[in-house]
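Below: the structure, in structure tokens.
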Amino acid sequence: MADITNEELTKKAESVVKPINVDGRLFADVGCALITDKDNVYLGVCIDTGSGTGFCAEHSAIAAMVTAGELRIKKLVAVWKDDEGVAHVLPPCGRCREFIRQIHKDNLETDIILGKNKVVKLSELLPYHDWPWR
């Protein structure tokens, strides 16, 4: 998997987006794919719950990665599909950004895919990560 492109990783994230309506809540309407420093790919979906106990697709993919004994993320992408089935790349929310950072310090160098021609480091999305400040 070392040669996986951003487009291929995005397609993998798209492949798990299969929305399921559960009592007015959507499960699996956002998918995430990540590739680790060991070139393994992990996938996840979001689960939206009314009580706030749900989680983002990034959390799900990271949980699969950690379950396999890995901590360092090379690239990550999250995708949502609209009602016409058109895929849209989403930036990780603030909670996910901090979660990625706390899994391993080197994850600040993770490439976050934001679109076809846009990739940034997690540190760019989380510029004030060195806290507490002195």
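Residues are referred to by chain and number: the chain letter is A, B, ... according to the order shown in the structure tokens, the number counts from 1 in that chain, and ligands are numbered separately from 1 in the order shown.
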
Worksheet item: Using only C-alpha atoms, which residues sit within 12 Å of range 98-103 of chain A once same-chain residues fewer than 4 positions away are excluded, as a PyMOL selection string?
Response: chain A and resi 34+55-56+58-63+65-66+69-76+92-94+107-112+121-131

Write a file of the just-selected residues containing N, CA and C atoms, as an mmCIF file, in the first residue's frame.
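What ended up in part-v7.cif:
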data_model
loop_
_atom_site.group_PDB
_atom_site.id
_atom_site.type_symbol
_atom_site.label_atom_id
_atom_site.label_comp_id
_atom_site.auth_asym_id
_atom_site.auth_seq_id
_atom_site.Cartn_x
_atom_site.Cartn_y
_atom_site.Cartn_z
ATOM 1 N N LEU A 34 -7.539 6.031 6.581
ATOM 2 C CA LEU A 34 -6.218 6.523 6.954
ATOM 3 C C LEU A 34 -5.182 5.472 6.593
ATOM 4 N N PHE A 55 -19.713 9.062 17.712
ATOM 5 C CA PHE A 55 -18.344 9.420 17.373
ATOM 6 C C PHE A 55 -18.204 9.633 15.873
ATOM 7 N N CYS A 56 -17.139 10.333 15.527
ATOM 8 C CA CYS A 56 -16.835 10.651 14.136
ATOM 9 C C CYS A 56 -16.181 9.461 13.439
ATOM 10 N N GLU A 58 -13.433 9.477 11.859
ATOM 11 C CA GLU A 58 -12.007 9.465 12.179
ATOM 12 C C GLU A 58 -11.741 8.650 13.442
ATOM 13 N N HIS A 59 -12.592 8.817 14.450
ATOM 14 C CA HIS A 59 -12.432 8.056 15.696
ATOM 15 C C HIS A 59 -12.540 6.561 15.432
ATOM 16 N N SER A 60 -13.483 6.188 14.600
ATOM 17 C CA SER A 60 -13.698 4.774 14.277
ATOM 18 C C SER A 60 -12.483 4.174 13.562
ATOM 19 N N ALA A 61 -11.951 4.886 12.582
ATOM 20 C CA ALA A 61 -10.772 4.400 11.846
ATOM 21 C C ALA A 61 -9.553 4.339 12.773
ATOM 22 N N ILE A 62 -9.411 5.337 13.632
ATOM 23 C CA ILE A 62 -8.278 5.351 14.566
ATOM 24 C C ILE A 62 -8.408 4.212 15.564
ATOM 25 N N ALA A 63 -9.612 3.917 16.015
ATOM 26 C CA ALA A 63 -9.814 2.798 16.939
ATOM 27 C C ALA A 63 -9.392 1.480 16.286
ATOM 28 N N MET A 65 -7.139 1.177 13.958
ATOM 29 C CA MET A 65 -5.680 1.251 13.874
ATOM 30 C C MET A 65 -5.036 0.888 15.211
ATOM 31 N N VAL A 66 -5.538 1.467 16.289
ATOM 32 C CA VAL A 66 -4.985 1.199 17.610
ATOM 33 C C VAL A 66 -5.219 -0.260 17.998
ATOM 34 N N GLY A 69 -2.572 -2.278 16.883
ATOM 35 C CA GLY A 69 -1.268 -2.004 17.489
ATOM 36 C C GLY A 69 -0.483 -0.877 16.848
ATOM 37 N N GLU A 70 -1.150 -0.028 16.085
ATOM 38 C CA GLU A 70 -0.460 1.090 15.430
ATOM 39 C C GLU A 70 -0.937 2.418 16.006
ATOM 40 N N LEU A 71 -0.081 3.442 15.901
ATOM 41 C CA LEU A 71 -0.394 4.755 16.457
ATOM 42 C C LEU A 71 -0.100 5.923 15.521
ATOM 43 N N ARG A 72 0.745 5.720 14.521
ATOM 44 C CA ARG A 72 1.204 6.838 13.682
ATOM 45 C C ARG A 72 0.492 6.854 12.337
ATOM 46 N N ILE A 73 -0.117 7.998 12.044
ATOM 47 C CA ILE A 73 -0.914 8.171 10.834
ATOM 48 C C ILE A 73 -0.118 8.975 9.809
ATOM 49 N N LYS A 74 0.004 8.413 8.607
ATOM 50 C CA LYS A 74 0.686 9.113 7.530
ATOM 51 C C LYS A 74 -0.272 10.070 6.800
ATOM 52 N N LYS A 75 -1.460 9.564 6.432
ATOM 53 C CA LYS A 75 -2.460 10.364 5.712
ATOM 54 C C LYS A 75 -3.840 9.995 6.236
ATOM 55 N N LEU A 76 -4.753 10.967 6.161
ATOM 56 C CA LEU A 76 -6.122 10.739 6.603
ATOM 57 C C LEU A 76 -7.067 11.555 5.737
ATOM 58 N N PRO A 92 -11.281 17.345 9.340
ATOM 59 C CA PRO A 92 -11.637 16.817 10.655
ATOM 60 C C PRO A 92 -12.112 17.948 11.564
ATOM 61 N N CYS A 93 -13.117 17.658 12.385
ATOM 62 C CA CYS A 93 -13.601 18.657 13.336
ATOM 63 C C CYS A 93 -12.536 18.901 14.408
ATOM 64 N N GLY A 94 -12.737 19.876 15.234
ATOM 65 C CA GLY A 94 -11.764 20.200 16.277
ATOM 66 C C GLY A 94 -11.513 19.043 17.229
ATOM 67 N N ASN A 107 1.845 12.519 14.987
ATOM 68 C CA ASN A 107 0.669 12.711 14.143
ATOM 69 C C ASN A 107 0.417 14.178 13.799
ATOM 70 N N LEU A 108 1.135 15.095 14.424
ATOM 71 C CA LEU A 108 1.058 16.488 13.991
ATOM 72 C C LEU A 108 1.550 16.636 12.557
ATOM 73 N N GLU A 109 2.335 15.672 12.076
ATOM 74 C CA GLU A 109 2.844 15.688 10.703
ATOM 75 C C GLU A 109 1.963 14.896 9.731
ATOM 76 N N THR A 110 0.817 14.419 10.212
ATOM 77 C CA THR A 110 -0.121 13.688 9.353
ATOM 78 C C THR A 110 -0.591 14.580 8.216
ATOM 79 N N ASP A 111 -0.596 14.038 7.001
ATOM 80 C CA ASP A 111 -1.184 14.743 5.866
ATOM 81 C C ASP A 111 -2.697 14.588 5.938
ATOM 82 N N ILE A 112 -3.390 15.716 6.017
ATOM 83 C CA ILE A 112 -4.848 15.722 6.028
ATOM 84 C C ILE A 112 -5.296 16.125 4.623
ATOM 85 N N LYS A 121 -0.799 19.645 6.727
ATOM 86 C CA LYS A 121 -0.372 18.905 7.919
ATOM 87 C C LYS A 121 -1.376 19.179 9.039
ATOM 88 N N LEU A 122 -1.550 18.201 9.914
ATOM 89 C CA LEU A 122 -2.437 18.401 11.060
ATOM 90 C C LEU A 122 -2.010 19.634 11.850
ATOM 91 N N SER A 123 -0.714 19.866 11.968
ATOM 92 C CA SER A 123 -0.224 21.026 12.729
ATOM 93 C C SER A 123 -0.733 22.344 12.148
ATOM 94 N N GLU A 124 -1.056 22.381 10.853
ATOM 95 C CA GLU A 124 -1.613 23.587 10.247
ATOM 96 C C GLU A 124 -3.071 23.789 10.659
ATOM 97 N N LEU A 125 -3.771 22.677 10.900
ATOM 98 C CA LEU A 125 -5.171 22.760 11.327
ATOM 99 C C LEU A 125 -5.290 22.920 12.835
ATOM 100 N N LEU A 126 -4.219 22.650 13.539
ATOM 101 C CA LEU A 126 -4.196 22.699 14.994
ATOM 102 C C LEU A 126 -2.970 23.510 15.424
ATOM 103 N N PRO A 127 -2.956 24.808 15.058
ATOM 104 C CA PRO A 127 -1.724 25.587 15.224
ATOM 105 C C PRO A 127 -1.306 25.833 16.668
ATOM 106 N N TYR A 128 -2.202 25.800 17.605
ATOM 107 C CA TYR A 128 -1.850 26.089 19.007
ATOM 108 C C TYR A 128 -1.888 24.825 19.843
ATOM 109 N N HIS A 129 -1.173 23.815 19.373
ATOM 110 C CA HIS A 129 -1.181 22.495 20.004
ATOM 111 C C HIS A 129 -0.208 22.377 21.170
ATOM 112 N N ASP A 130 0.732 23.286 21.289
ATOM 113 C CA ASP A 130 1.750 23.197 22.355
ATOM 114 C C ASP A 130 1.266 23.880 23.625
ATOM 115 N N TRP A 131 0.311 23.297 24.289
ATOM 116 C CA TRP A 131 -0.183 23.871 25.528
ATOM 117 C C TRP A 131 0.123 22.928 26.669
#

Discussion item. So that I can see what lies close to Gly85 in chain A, please list as number ranges by chain the residues with an atom at most 10 Å from it, counting only C-alpha atoms and leaving out residues fewer than 4 positions away in the same chain.
Written reply: A: 14, 17, 80-81

Just the residues within 7 Å of Val16 in chain A, please, counting only C-alpha atoms, with nothing from its chain fewer than 2 positions along; format it as a PDB file with C-alpha atoms, in the first residue's frame.
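Result went into around-v6.pdb, see below:
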ATOM      1  CA  ALA A  13     -13.262   6.409   2.509  1.00  0.00           C
ATOM      2  CA  GLU A  14     -16.154   6.749   0.038  1.00  0.00           C
ATOM      3  CA  LYS A  18     -23.589   3.707   3.456  1.00  0.00           C
ATOM      4  CA  GLY A  31     -16.445   7.572   6.071  1.00  0.00           C
ATOM      5  CA  VAL A  45     -17.666   5.416   9.838  1.00  0.00           C
TER       6      VAL A  45
END

Name all residues at most 10 Å from Lys11 in chain A (count only C-alpha atoms; drop same-chain ones fewer than 5 positions away) and give them as a short mmCIF file (atom, residue, chain, number, x, y, z; two decimals) with N, CA and C atoms, in the first residue's frame.
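Output below, filename part_13.cif:
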data_model
loop_
_atom_site.label_atom_id
_atom_site.label_comp_id
_atom_site.auth_asym_id
_atom_site.auth_seq_id
_atom_site.Cartn_x
_atom_site.Cartn_y
_atom_site.Cartn_z
N THR A 5 -2.41 6.57 -3.57
CA THR A 5 -2.55 8.00 -3.85
C THR A 5 -3.64 8.60 -2.96
N ASN A 6 -3.66 9.92 -2.92
CA ASN A 6 -4.71 10.61 -2.16
C ASN A 6 -6.08 10.26 -2.72
N VAL A 16 -17.07 3.16 2.29
CA VAL A 16 -17.76 2.76 3.52
C VAL A 16 -18.93 3.68 3.87
N GLY A 31 -17.46 8.62 6.01
CA GLY A 31 -16.45 7.57 6.07
C GLY A 31 -15.06 8.17 6.17
N CYS A 32 -14.16 7.42 6.78
CA CYS A 32 -12.78 7.87 6.92
C CYS A 32 -11.85 6.75 6.49
N ALA A 33 -10.77 7.12 5.85
CA ALA A 33 -9.69 6.18 5.54
C ALA A 33 -8.39 6.84 5.97
N VAL A 77 -8.24 10.97 5.46
CA VAL A 77 -9.28 11.69 4.72
C VAL A 77 -10.65 11.25 5.23
N VAL A 79 -14.94 11.63 4.24
CA VAL A 79 -15.81 11.91 3.10
C VAL A 79 -17.27 11.79 3.51
N ALA A 87 -19.60 12.84 -3.58
CA ALA A 87 -18.73 12.81 -2.41
C ALA A 87 -18.08 14.17 -2.18
#

Fill in: Given only C-alpha atoms as the counted atoms, nearest of A:Gly52, A:Ile35, A:Val120, A:Leu90 to Ala64 in chain A
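Smallest distance to Ala64 in chain A is found for A:Ile35.
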
Worksheet item: Just asking: which residues within range 6-82 of chain A are alpha helix (DSSP H) according to DSSP, as a PyMOL selection string?
Response: chain A and resi 6-15+57-67

Using the selection just defined, write its residues with N, CA and C atoms as a PDB file, in the first residue's frame.
ATOM      1  N   ASN A   6      -3.661   9.918  -2.916  1.00  0.00           N
ATOM      2  CA  ASN A   6      -4.709  10.605  -2.164  1.00  0.00           C
ATOM      3  C   ASN A   6      -6.083  10.262  -2.725  1.00  0.00           C
ATOM      4  N   GLU A   7      -6.169  10.169  -4.047  1.00  0.00           N
ATOM      5  CA  GLU A   7      -7.439   9.825  -4.690  1.00  0.00           C
ATOM      6  C   GLU A   7      -7.870   8.402  -4.313  1.00  0.00           C
ATOM      7  N   GLU A   8      -6.933   7.470  -4.289  1.00  0.00           N
ATOM      8  CA  GLU A   8      -7.263   6.088  -3.905  1.00  0.00           C
ATOM      9  C   GLU A   8      -7.710   6.017  -2.448  1.00  0.00           C
ATOM     10  N   LEU A   9      -7.044   6.756  -1.573  1.00  0.00           N
ATOM     11  CA  LEU A   9      -7.432   6.756  -0.169  1.00  0.00           C
ATOM     12  C   LEU A   9      -8.823   7.384  -0.005  1.00  0.00           C
ATOM     13  N   THR A  10      -9.098   8.417  -0.771  1.00  0.00           N
ATOM     14  CA  THR A  10     -10.410   9.054  -0.744  1.00  0.00           C
ATOM     15  C   THR A  10     -11.484   8.079  -1.209  1.00  0.00           C
ATOM     16  N   LYS A  11     -11.201   7.312  -2.254  1.00  0.00           N
ATOM     17  CA  LYS A  11     -12.154   6.299  -2.742  1.00  0.00           C
ATOM     18  C   LYS A  11     -12.426   5.248  -1.675  1.00  0.00           C
ATOM     19  N   LYS A  12     -11.406   4.877  -0.914  1.00  0.00           N
ATOM     20  CA  LYS A  12     -11.596   3.908   0.173  1.00  0.00           C
ATOM     21  C   LYS A  12     -12.529   4.483   1.234  1.00  0.00           C
ATOM     22  N   ALA A  13     -12.364   5.763   1.549  1.00  0.00           N
ATOM     23  CA  ALA A  13     -13.262   6.409   2.509  1.00  0.00           C
ATOM     24  C   ALA A  13     -14.694   6.432   1.965  1.00  0.00           C
ATOM     25  N   GLU A  14     -14.834   6.744   0.683  1.00  0.00           N
ATOM     26  CA  GLU A  14     -16.154   6.749   0.038  1.00  0.00           C
ATOM     27  C   GLU A  14     -16.812   5.379   0.095  1.00  0.00           C
ATOM     28  N   SER A  15     -16.013   4.326  -0.003  1.00  0.00           N
ATOM     29  CA  SER A  15     -16.559   2.966  -0.094  1.00  0.00           C
ATOM     30  C   SER A  15     -17.314   2.533   1.163  1.00  0.00           C
ATOM     31  N   ALA A  57     -16.192   9.503  12.117  1.00  0.00           N
ATOM     32  CA  ALA A  57     -15.568   8.445  11.316  1.00  0.00           C
ATOM     33  C   ALA A  57     -14.074   8.344  11.603  1.00  0.00           C
ATOM     34  N   GLU A  58     -13.433   9.477  11.859  1.00  0.00           N
ATOM     35  CA  GLU A  58     -12.007   9.465  12.179  1.00  0.00           C
ATOM     36  C   GLU A  58     -11.741   8.650  13.442  1.00  0.00           C
ATOM     37  N   HIS A  59     -12.592   8.817  14.450  1.00  0.00           N
ATOM     38  CA  HIS A  59     -12.432   8.056  15.696  1.00  0.00           C
ATOM     39  C   HIS A  59     -12.540   6.561  15.432  1.00  0.00           C
ATOM     40  N   SER A  60     -13.483   6.188  14.600  1.00  0.00           N
ATOM     41  CA  SER A  60     -13.698   4.774  14.277  1.00  0.00           C
ATOM     42  C   SER A  60     -12.483   4.174  13.562  1.00  0.00           C
ATOM     43  N   ALA A  61     -11.951   4.886  12.582  1.00  0.00           N
ATOM     44  CA  ALA A  61     -10.772   4.400  11.846  1.00  0.00           C
ATOM     45  C   ALA A  61      -9.553   4.339  12.773  1.00  0.00           C
ATOM     46  N   ILE A  62      -9.411   5.337  13.632  1.00  0.00           N
ATOM     47  CA  ILE A  62      -8.278   5.351  14.566  1.00  0.00           C
ATOM     48  C   ILE A  62      -8.408   4.212  15.564  1.00  0.00           C
ATOM     49  N   ALA A  63      -9.612   3.917  16.015  1.00  0.00           N
ATOM     50  CA  ALA A  63      -9.814   2.798  16.939  1.00  0.00           C
ATOM     51  C   ALA A  63      -9.392   1.480  16.286  1.00  0.00           C
ATOM     52  N   ALA A  64      -9.719   1.298  15.009  1.00  0.00           N
ATOM     53  CA  ALA A  64      -9.292   0.091  14.294  1.00  0.00           C
ATOM     54  C   ALA A  64      -7.769   0.026  14.214  1.00  0.00           C
ATOM     55  N   MET A  65      -7.139   1.177  13.958  1.00  0.00           N
ATOM     56  CA  MET A  65      -5.680   1.251  13.874  1.00  0.00           C
ATOM     57  C   MET A  65      -5.036   0.888  15.211  1.00  0.00           C
ATOM     58  N   VAL A  66      -5.538   1.467  16.289  1.00  0.00           N
ATOM     59  CA  VAL A  66      -4.985   1.199  17.610  1.00  0.00           C
ATOM     60  C   VAL A  66      -5.219  -0.260  17.998  1.00  0.00           C
ATOM     61  N   THR A  67      -6.377  -0.801  17.640  1.00  0.00           N
ATOM     62  CA  THR A  67      -6.661  -2.213  17.905  1.00  0.00           C
ATOM     63  C   THR A  67      -5.615  -3.110  17.242  1.00  0.00           C
TER      64      THR A  67
END

Worksheet item: Which polymer residues have any atom within 12 Å of an atom of Asp48 in chain A, counting only C-alpha atoms, with same-chain residues fewer than 6 positions away left out, as a PyMOL selection string?
Response: chain A and resi 19-30+54-57

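Taking CA of Val86 in chain A and CA of Ser51 in chain A as the two end points, the separation is 29.1 Å.
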